[in-house]
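Peer 1: See coords11.cif below, with mmCIF, C-alpha atoms.
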```cif
data_upload
#
loop_
_atom_site.label_atom_id
_atom_site.label_comp_id
_atom_site.auth_asym_id
_atom_site.auth_seq_id
_atom_site.Cartn_x
_atom_site.Cartn_y
_atom_site.Cartn_z
CA MET N 1 24.96 135.39 151.64
CA ARG N 2 25.63 131.69 151.33
CA ALA N 3 25.12 129.66 154.54
CA PHE N 4 28.25 128.78 156.52
CA ASP N 5 29.18 127.10 159.79
CA TYR N 6 30.31 129.32 162.64
CA HIS N 7 32.77 128.15 165.31
CA ARG N 8 33.94 130.02 168.42
CA PRO N 9 36.85 128.14 170.02
CA THR N 10 38.23 129.17 173.39
CA SER N 11 41.85 128.13 172.77
CA LEU N 12 44.36 128.17 169.93
CA GLU N 13 44.58 124.39 170.04
CA GLU N 14 40.83 124.13 169.43
CA ALA N 15 41.08 126.66 166.59
CA TRP N 16 43.86 124.66 164.93
CA GLN N 17 41.85 121.45 165.23
CA LEU N 18 38.83 123.09 163.60
CA ARG N 19 41.01 124.46 160.81
CA ALA N 20 42.60 121.05 160.24
CA GLY N 21 39.13 119.53 159.89
CA CYS N 22 38.13 122.11 157.28
CA PRO N 23 41.14 123.53 155.39
CA GLU N 24 38.90 125.97 153.50
CA ALA N 25 37.65 127.58 156.72
CA ARG N 26 38.59 131.20 157.40
CA TYR N 27 39.67 132.69 160.69
CA ILE N 28 37.64 135.76 161.63
CA ALA N 29 38.52 138.48 164.14
CA GLY N 30 36.27 141.55 164.25
CA GLY N 31 34.78 140.72 160.85
CA THR N 32 34.79 144.31 159.59
CA ASP N 33 36.64 143.21 156.42
CA LEU N 34 35.75 139.55 155.95
CA MET N 35 32.00 139.97 156.39
CA VAL N 36 31.93 142.67 153.71
CA LEU N 37 33.63 140.30 151.28
CA MET N 38 31.28 137.45 152.19
CA ARG N 39 28.17 139.59 151.71
CA ALA N 40 29.47 140.61 148.28
CA GLY N 41 30.14 136.98 147.36
CA ALA N 42 33.84 137.69 146.84
CA VAL N 43 34.76 134.89 149.26
CA ARG N 44 32.57 131.94 150.23
CA PRO N 45 34.15 129.90 153.01
CA PRO N 46 32.17 126.85 154.16
CA SER N 47 32.89 127.81 157.76
CA VAL N 48 34.44 130.61 159.78
CA ILE N 49 36.43 130.23 162.98
CA SER N 50 36.03 133.20 165.31
CA LEU N 51 39.08 134.04 167.42
CA ARG N 52 37.17 136.39 169.72
CA GLY N 53 36.72 133.78 172.44
CA ILE N 54 40.45 133.08 172.83
CA GLU N 55 41.46 135.08 175.88
CA GLU N 56 45.22 134.71 175.34
CA LEU N 57 44.91 136.80 172.14
CA ARG N 58 43.55 139.84 173.99
CA GLY N 59 45.04 142.58 176.11
CA ILE N 60 47.79 145.19 176.26
CA GLU N 61 50.80 144.80 178.54
CA VAL N 62 53.20 147.75 178.56
CA GLY N 63 56.70 146.57 179.39
CA GLU N 64 59.96 145.44 177.83
CA PRO N 65 58.69 144.55 175.34
CA THR N 66 55.15 145.87 175.19
CA ARG N 67 52.68 143.21 174.10
CA ILE N 68 49.48 143.94 172.17
CA GLY N 69 47.28 140.88 171.70
CA ALA N 70 46.02 140.30 168.17
CA MET N 71 42.37 140.42 169.24
CA THR N 72 42.80 143.78 170.95
CA THR N 73 40.40 146.22 169.30
CA ILE N 74 41.29 149.60 167.82
CA GLY N 75 39.05 151.15 170.45
CA GLU N 76 41.07 149.50 173.22
CA ILE N 77 44.26 150.90 171.69
CA LEU N 78 42.78 154.40 171.91
CA GLU N 79 41.57 153.91 175.49
CA HIS N 80 44.95 152.70 176.81
CA ARG N 81 46.61 155.84 178.16
CA GLU N 82 49.96 154.28 179.07
CA LEU N 83 50.34 152.80 175.59
CA GLY N 84 49.51 156.17 174.04
CA GLU N 85 52.07 157.93 176.21
CA ARG N 86 54.81 155.50 175.25
CA HIS N 87 53.87 155.12 171.56
CA PRO N 88 51.70 158.12 170.58
CA VAL N 89 52.00 157.33 166.89
CA LEU N 90 49.73 154.34 167.52
CA HIS N 91 47.01 156.61 168.86
CA ASP N 92 47.50 158.87 165.83
CA ALA N 93 46.91 155.90 163.53
CA ALA N 94 43.94 154.52 165.49
CA ARG N 95 42.08 157.80 166.00
CA PRO N 96 40.73 158.26 162.41
CA PHE N 97 39.96 154.53 162.12
CA GLY N 98 36.35 154.37 160.84
CA SER N 99 33.44 154.96 163.21
CA VAL N 100 33.15 154.22 166.93
CA GLN N 101 31.27 151.04 166.07
CA VAL N 102 34.02 149.89 163.70
CA ARG N 103 36.77 150.71 166.21
CA ASN N 104 34.98 148.63 168.84
CA LEU N 105 34.98 145.59 166.53
CA ALA N 106 38.07 145.89 164.34
CA SER N 107 41.11 144.17 165.80
CA VAL N 108 44.83 144.76 165.54
CA GLY N 109 45.38 141.27 164.13
CA GLY N 110 42.55 141.61 161.63
CA ASN N 111 43.89 144.94 160.36
CA LEU N 112 47.30 143.38 159.81
CA CYS N 113 46.27 139.99 158.45
CA ASN N 114 43.83 141.47 155.96
CA ALA N 115 47.05 142.77 154.34
CA SER N 116 45.39 145.73 152.69
CA PRO N 117 47.88 148.22 151.24
CA CYS N 118 45.84 151.04 152.84
CA ALA N 119 45.57 149.44 156.31
CA GLY N 120 45.87 152.05 159.04
CA LEU N 121 48.23 150.45 161.56
CA PRO N 122 51.22 149.12 159.51
CA PRO N 123 52.98 152.45 158.81
CA ALA N 124 52.86 153.37 162.52
CA LEU N 125 54.12 149.92 163.53
CA TYR N 126 56.87 150.06 160.90
CA VAL N 127 58.44 153.19 162.39
CA LEU N 128 58.30 151.55 165.84
CA ASP N 129 60.31 148.56 164.54
CA ALA N 130 57.48 146.29 165.66
CA ARG N 131 57.67 142.53 165.61
CA VAL N 132 54.81 140.05 165.38
CA ARG N 133 54.45 136.60 166.88
CA VAL N 134 52.60 133.98 164.86
CA ALA N 135 51.69 130.52 166.12
CA GLY N 136 50.55 127.30 164.54
CA PRO N 137 50.33 123.59 165.33
CA GLU N 138 54.08 123.24 164.69
CA GLY N 139 55.11 126.05 167.05
CA ASP N 140 55.50 129.80 167.03
CA ARG N 141 57.90 132.30 165.46
CA VAL N 142 58.65 136.00 165.77
CA LEU N 143 59.36 138.12 162.71
CA PRO N 144 59.75 141.80 161.83
CA ILE N 145 56.39 143.26 160.86
CA GLU N 146 57.64 144.06 157.36
CA GLU N 147 58.01 140.34 156.66
CA LEU N 148 54.35 139.71 157.45
CA PHE N 149 53.08 141.23 154.20
CA ALA N 150 53.56 139.25 150.99
CA ALA N 151 51.19 140.91 148.51
CA PRO N 152 47.84 142.72 148.52
CA GLY N 153 45.54 140.58 150.66
CA GLU N 154 48.28 138.02 151.35
CA THR N 155 50.55 137.44 154.34
CA CYS N 156 53.45 135.08 154.95
CA LEU N 157 51.36 132.99 157.38
CA ILE N 158 51.25 129.34 156.43
CA PRO N 159 47.88 127.50 156.53
CA GLY N 160 46.62 127.20 160.09
CA GLU N 161 48.87 129.86 161.59
CA VAL N 162 47.42 132.68 163.66
CA LEU N 163 48.97 136.05 164.45
CA THR N 164 48.95 136.15 168.25
CA GLU N 165 50.57 139.43 169.29
CA VAL N 166 52.50 142.55 168.33
CA LEU N 167 55.73 143.27 170.22
CA LEU N 168 57.18 146.76 170.73
CA ASP N 169 60.48 147.66 172.40
CA PRO N 170 60.62 150.81 174.55
CA PRO N 171 61.33 153.87 172.38
CA PRO N 172 64.86 155.33 172.54
CA PRO N 173 65.09 158.49 174.64
CA GLY N 174 64.17 161.70 172.86
CA VAL N 175 62.41 160.30 169.80
CA ARG N 176 59.18 161.84 168.54
CA SER N 177 56.75 160.43 166.01
CA ARG N 178 53.85 161.55 163.86
CA TYR N 179 51.25 159.82 161.66
CA LEU N 180 49.30 161.68 158.98
CA ARG N 181 46.75 160.41 156.49
CA ARG N 182 44.52 161.66 153.73
CA GLY N 183 41.14 160.25 152.70
CA ARG N 184 38.42 161.56 150.44
CA VAL N 185 35.79 162.03 153.15
CA ARG N 186 35.40 161.40 156.88
CA MET N 187 35.69 157.68 157.80
CA ASP N 188 36.94 156.79 154.33
CA LEU N 189 39.94 154.52 153.80
CA ALA N 190 43.17 156.47 153.46
CA PHE N 191 44.48 156.95 149.95
CA VAL N 192 47.82 157.99 151.49
CA SER N 193 49.24 157.56 154.98
CA VAL N 194 52.68 158.48 156.29
CA ALA N 195 54.41 157.77 159.60
CA VAL N 196 57.66 159.43 160.65
CA LEU N 197 59.82 158.91 163.74
CA ILE N 198 62.75 161.25 164.42
CA GLY N 199 65.39 161.32 167.15
CA LEU N 200 67.75 164.30 167.42
CA ASN N 201 71.18 164.51 169.04
CA GLY N 202 73.15 167.73 169.04
CA GLY N 203 71.07 169.22 166.27
CA ARG N 204 71.49 166.24 163.98
CA CYS N 205 69.17 163.37 163.19
CA ALA N 206 70.36 160.37 165.20
CA ARG N 207 67.44 158.11 164.25
CA ALA N 208 64.94 158.23 161.40
CA ARG N 209 62.10 155.91 160.50
CA VAL N 210 59.74 156.66 157.62
CA ALA N 211 56.88 154.51 156.34
CA ALA N 212 53.95 154.96 153.98
CA GLY N 213 50.70 153.17 153.21
CA ALA N 214 48.33 152.97 150.23
CA VAL N 215 51.10 153.87 147.79
CA ALA N 216 52.43 150.42 146.87
CA PRO N 217 51.21 146.79 146.82
CA ARG N 218 52.07 146.57 150.52
CA PRO N 219 53.03 149.06 153.25
CA LEU N 220 56.50 150.49 152.67
CA ARG N 221 59.45 151.29 154.91
CA LEU N 222 61.32 154.06 153.08
CA ARG N 223 64.87 153.10 154.00
CA ALA N 224 66.60 155.28 151.40
CA VAL N 225 64.92 158.31 152.96
CA GLU N 226 65.99 157.21 156.44
CA GLU N 227 69.61 156.82 155.30
CA LEU N 228 69.52 160.29 153.75
CA LEU N 229 68.35 161.89 157.01
CA GLU N 230 70.41 160.07 159.64
CA GLY N 231 73.54 161.85 160.80
CA ARG N 232 72.60 165.18 159.23
CA ALA N 233 71.02 168.44 160.31
CA LEU N 234 67.39 168.56 159.19
CA GLU N 235 67.53 171.85 157.37
CA PRO N 236 65.25 172.96 154.49
CA PRO N 237 67.51 171.86 151.58
CA LEU N 238 67.84 168.37 153.06
CA LEU N 239 64.10 168.11 153.71
CA ALA N 240 63.39 169.10 150.10
CA GLU N 241 65.78 166.39 148.91
CA ALA N 242 64.20 163.86 151.28
CA ARG N 243 60.71 164.75 150.07
CA ALA N 244 61.79 164.16 146.47
CA ARG N 245 63.23 160.79 147.47
CA VAL N 246 59.97 159.86 149.23
CA GLU N 247 58.11 160.50 145.99
CA GLN N 248 60.64 158.40 144.06
CA GLU N 249 60.49 155.39 146.40
CA ILE N 250 56.75 154.80 146.26
CA SER N 251 54.76 153.15 143.45
CA PRO N 252 51.14 154.36 143.72
CA ILE N 253 48.28 153.41 141.42
CA THR N 254 45.31 155.27 140.05
CA ASP N 255 41.93 154.11 141.39
CA VAL N 256 38.58 155.56 142.45
CA ARG N 257 40.13 157.29 145.45
CA ALA N 258 43.00 159.17 143.80
CA SER N 259 45.31 159.26 140.82
CA ALA N 260 48.86 157.93 141.04
CA GLY N 261 50.27 161.42 140.49
CA TYR N 262 48.18 162.95 143.25
CA ARG N 263 49.09 160.16 145.65
CA ARG N 264 52.78 160.70 144.90
CA HIS N 265 52.49 164.44 145.52
CA ILE N 266 50.46 164.11 148.73
CA THR N 267 52.86 161.51 150.16
CA GLY N 268 55.68 164.03 149.83
CA VAL N 269 53.54 166.77 151.34
CA LEU N 270 52.56 164.66 154.36
CA PHE N 271 56.16 163.57 154.91
CA GLN N 272 57.38 167.16 154.94
CA ARG N 273 54.54 168.27 157.22
CA ALA N 274 55.26 165.44 159.64
CA VAL N 275 58.99 166.22 159.86
CA GLU N 276 58.42 169.96 160.24
CA SER N 277 55.85 169.30 162.96
CA LEU N 278 58.31 167.12 164.87
CA LEU N 279 61.07 169.72 164.54
CA ASN N 280 58.68 172.32 165.96
CA GLY N 281 57.81 170.20 168.98
CA GLY N 282 54.74 168.47 167.60
CA GLY N 283 53.98 164.75 167.67
CA GLY N 284 54.96 162.76 170.69
#
```
Would you kindly transcribe this structure into structure tokens?
Peer 2:
Amino acid sequence: MRAFDYHRPTSLEEAWQLRAGCPEARYIAGGTDLMVLMRAGAVRPPSVISLRGIEELRGIEVGEPTRIGAMTTIGEILEHRELGERHPVLHDAARPFGSVQVRNLASVGGNLCNASPCAGLPPALYVLDARVRVAGPEGDRVLPIEELFAAPGETCLIPGEVLTEVLLDPPPPGVRSRYLRRGRVRMDLAFVSVAVLIGLNGGRCARARVAAGAVAPRPLRLRAVEELLEGRALEPPLLAEARARVEQEISPITDVRASAGYRRHITGVLFQRAVESLLNGGGG
């Protein structure tokens, strides 16, 4: 690995000053993605700016809204009982996340800002209508999480900006959610992930959120599927139609993990399993 300078600021202002002094520097959170790329020589920044020493980027505060700091680790997500009770789909997404060692290093912000199409958290956060706050020297802004992702490995953050927190509103009464994924082997990256949130009222679907990962250049919110489900009774013919629409909306590729056709099929299978589980009292 090529030599590089390492900085560990204790405030955002210090991080921005360091970045301004070296525009080619890279921010680093847990390092579980960036360090792999650096060891392989795929990226060679002259310096890295660790965000781990910035206390304001850490922590979970359950409220209205709930705040999850960007430097909160996946392990801390799993350990936070109140968060899991309010948003169980987040625990579902975090539980299969690599090994214990990886979960204790990998951060929420790093998982999002790496902008991998197969990232574990985005589908779960999509169905929760999450928002993210980003901050830079010119101020901060809040945007829907879907707007964060621009392309594989690219976000909408402008140079110098840092993702500071994820914001979640309290869930509407009566909604249930489920996250399912499929990988080749234990601790492998998912080659398909699906998150579903359903709210029923009088036997009909009052609220539907459906999202998928690893089946397009960026995580997808499947709005056409949501529109098909909302206001209708979730009976087998409708679920079969919705599953077909799920498979139509995605645009998977063939790679070493799975073929495009298999990804398309499994996405439909996981969607149907998730909805059926929720209708039978599963999820949370």
Peer 1: Starting from the shown file, work through the PyMOL selection byres ((chain N and resi 191-205) around 7) and note down what comes out as a PyMOL selection string.
Peer 2: chain N and resi 118+123-124+127+174-183+189-190+206-215+229-234+257-258+263+267+270-271+274-275
Peer 1: Can you spit out the residues from that selection as an mmCIF file, in the coordinates of the input, using C-alpha atoms?
Peer 2:
```cif
data_model
loop_
_atom_site.group_PDB
_atom_site.id
_atom_site.type_symbol
_atom_site.label_atom_id
_atom_site.label_comp_id
_atom_site.auth_asym_id
_atom_site.auth_seq_id
_atom_site.Cartn_x
_atom_site.Cartn_y
_atom_site.Cartn_z
ATOM 1 C CA CYS N 118 45.840 151.040 152.840
ATOM 2 C CA PRO N 123 52.980 152.450 158.810
ATOM 3 C CA ALA N 124 52.860 153.370 162.520
ATOM 4 C CA VAL N 127 58.440 153.190 162.390
ATOM 5 C CA GLY N 174 64.170 161.700 172.860
ATOM 6 C CA VAL N 175 62.410 160.300 169.800
ATOM 7 C CA ARG N 176 59.180 161.840 168.540
ATOM 8 C CA SER N 177 56.750 160.430 166.010
ATOM 9 C CA ARG N 178 53.850 161.550 163.860
ATOM 10 C CA TYR N 179 51.250 159.820 161.660
ATOM 11 C CA LEU N 180 49.300 161.680 158.980
ATOM 12 C CA ARG N 181 46.750 160.410 156.490
ATOM 13 C CA ARG N 182 44.520 161.660 153.730
ATOM 14 C CA GLY N 183 41.140 160.250 152.700
ATOM 15 C CA LEU N 189 39.940 154.520 153.800
ATOM 16 C CA ALA N 190 43.170 156.470 153.460
ATOM 17 C CA ALA N 206 70.360 160.370 165.200
ATOM 18 C CA ARG N 207 67.440 158.110 164.250
ATOM 19 C CA ALA N 208 64.940 158.230 161.400
ATOM 20 C CA ARG N 209 62.100 155.910 160.500
ATOM 21 C CA VAL N 210 59.740 156.660 157.620
ATOM 22 C CA ALA N 211 56.880 154.510 156.340
ATOM 23 C CA ALA N 212 53.950 154.960 153.980
ATOM 24 C CA GLY N 213 50.700 153.170 153.210
ATOM 25 C CA ALA N 214 48.330 152.970 150.230
ATOM 26 C CA VAL N 215 51.100 153.870 147.790
ATOM 27 C CA LEU N 229 68.350 161.890 157.010
ATOM 28 C CA GLU N 230 70.410 160.070 159.640
ATOM 29 C CA GLY N 231 73.540 161.850 160.800
ATOM 30 C CA ARG N 232 72.600 165.180 159.230
ATOM 31 C CA ALA N 233 71.020 168.440 160.310
ATOM 32 C CA LEU N 234 67.390 168.560 159.190
ATOM 33 C CA ARG N 257 40.130 157.290 145.450
ATOM 34 C CA ALA N 258 43.000 159.170 143.800
ATOM 35 C CA ARG N 263 49.090 160.160 145.650
ATOM 36 C CA THR N 267 52.860 161.510 150.160
ATOM 37 C CA LEU N 270 52.560 164.660 154.360
ATOM 38 C CA PHE N 271 56.160 163.570 154.910
ATOM 39 C CA ALA N 274 55.260 165.440 159.640
ATOM 40 C CA VAL N 275 58.990 166.220 159.860
#
```
Peer 1: Check the smallest atom-to-atom distance from each of N:Gly261, N:Gly75, N:Pro217, N:Gly136 to Leu105 (chain N) using all atoms listed in the file, then report the winner.
Peer 2: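 Checking each candidate against Leu105 (chain N), we get N:Gly75 as the closest.
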Peer 1: What would the selection look like, as a PyMOL selection string, if the PyMOL selection byres ((chain N and resi 16-27) around 8) were run on the coordinates I just shared?
Peer 2: chain N and resi 12-15+28-29+45-51+136-137+159-161
Peer 1: With distances taken over all atoms listed in the file, which residue among N:Leu128, N:Val43, N:Val102, N:Cys156 lies nearest Phe4 (chain N)?
Peer 2: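 Using all atoms listed in the file, the shortest distance to Phe4 (chain N) belongs to N:Val43.
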Peer 1: Skipping near chain neighbours, those fewer than 3 positions away, what residues fall within 9 Å of Met1 (chain N) using all atoms listed in the file, listed as a list in words?
Peer 2: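 Within the cut-off, the hits are Phe4, Met38, Arg39, Ala40, Gly41 and Arg44 of chain N.
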Peer 1: So what do you get for CA of Glu147 (chain N) versus CA of Ala224 (chain N), distance-wise?
Peer 2: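 Computing it gives 18.0 Å between the two atoms.
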Peer 1: Restricting the calculation to only C-alpha atoms: of N:Gly59, N:Gly281, N:Pro237, N:Pro65, which residue gets closest to Arg131 (chain N)?
Peer 2: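 Among the listed residues, N:Pro65 lies closest to Arg131 (chain N).
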Peer 1: Quick check on the file I pasted: which residues fall under the PyMOL selection byres ((chain N and resi 250) around 9)? Write them as an MDAnalysis selection string.
Peer 2: chainID N and resid 212 215:216 220 222 245:249 251:252 264 267
Peer 1: Record the distance separating CA of Thr73 (chain N) and CA of Gln101 (chain N), expressed in Å with one decimal.
Peer 2: 10.8 Å
Peer 1: Work out how far apart CA of Asp140 (chain N) and CA of Arg8 (chain N) are and give it in Å to one decimal.
Peer 2: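 Interatomic distance, CA of Asp140 (chain N) to CA of Arg8 (chain N): 21.6 Å.
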Peer 1: In terms of the shortest atom-to-atom distance over all atoms listed in the file, which of N:Arg67, N:His7, N:Arg218, N:Arg86 is closest to Val108 (chain N)?
Peer 2: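 Counting all atoms listed in the file, the residue closest to Val108 (chain N) is N:Arg67.
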Peer 1: Could you check which of N:Leu168, N:Ala130, N:Ala115, N:Leu37 is closest to Ala150 (chain N), using all atoms listed in the file?
Peer 2: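 Once distances to Ala150 (chain N) are computed over all atoms listed in the file, the minimum belongs to N:Ala115.
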Peer 1: Name the residues in contact with Ile68 (chain N) at a cut-off of 9 Å, using only C-alpha atoms, excluding same-chain residues fewer than 4 positions from it; report them as a list of chain:residue names.
Peer 2: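 My list of contacting residues is N:Leu57, N:Arg58, N:Gly59, N:Ile60, N:Glu61, N:Val62, N:Thr72, N:Ile77, N:Val108, N:Thr164, N:Glu165, N:Val166, N:Leu167, N:Leu168.
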Peer 1: Need to verify the contact set: Gly98 (chain N), 10 Å, only C-alpha atoms, exclusion of same-chain residues closer than 3 positions in sequence. Can you return it as a list in words?
Peer 2: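 Near Gly98 (chain N), the qualifying residues are Ile74, Ala94, Arg95, Gln101, Val102, Arg103, Asn104, Ala106, Gly120, Arg186, Met187, Asp188 and Leu189 of chain N.
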Peer 1: Can you pull out the residues contacting region 54-56 of chain N? Cut-off 7 Å, using only C-alpha atoms, and skip same-chain residues under 4 positions away; I want them as a PyMOL selection string.
Peer 2: chain N and resi 9-12
Peer 1: Choose the residue, out of N:Pro172, N:Ala119, N:Asp129, N:Leu112, that has the smallest atom-to-atom separation from Arg221 (chain N); count only C-alpha atoms.
Peer 2: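 Closest to Arg221 (chain N) of all the choices is N:Asp129.
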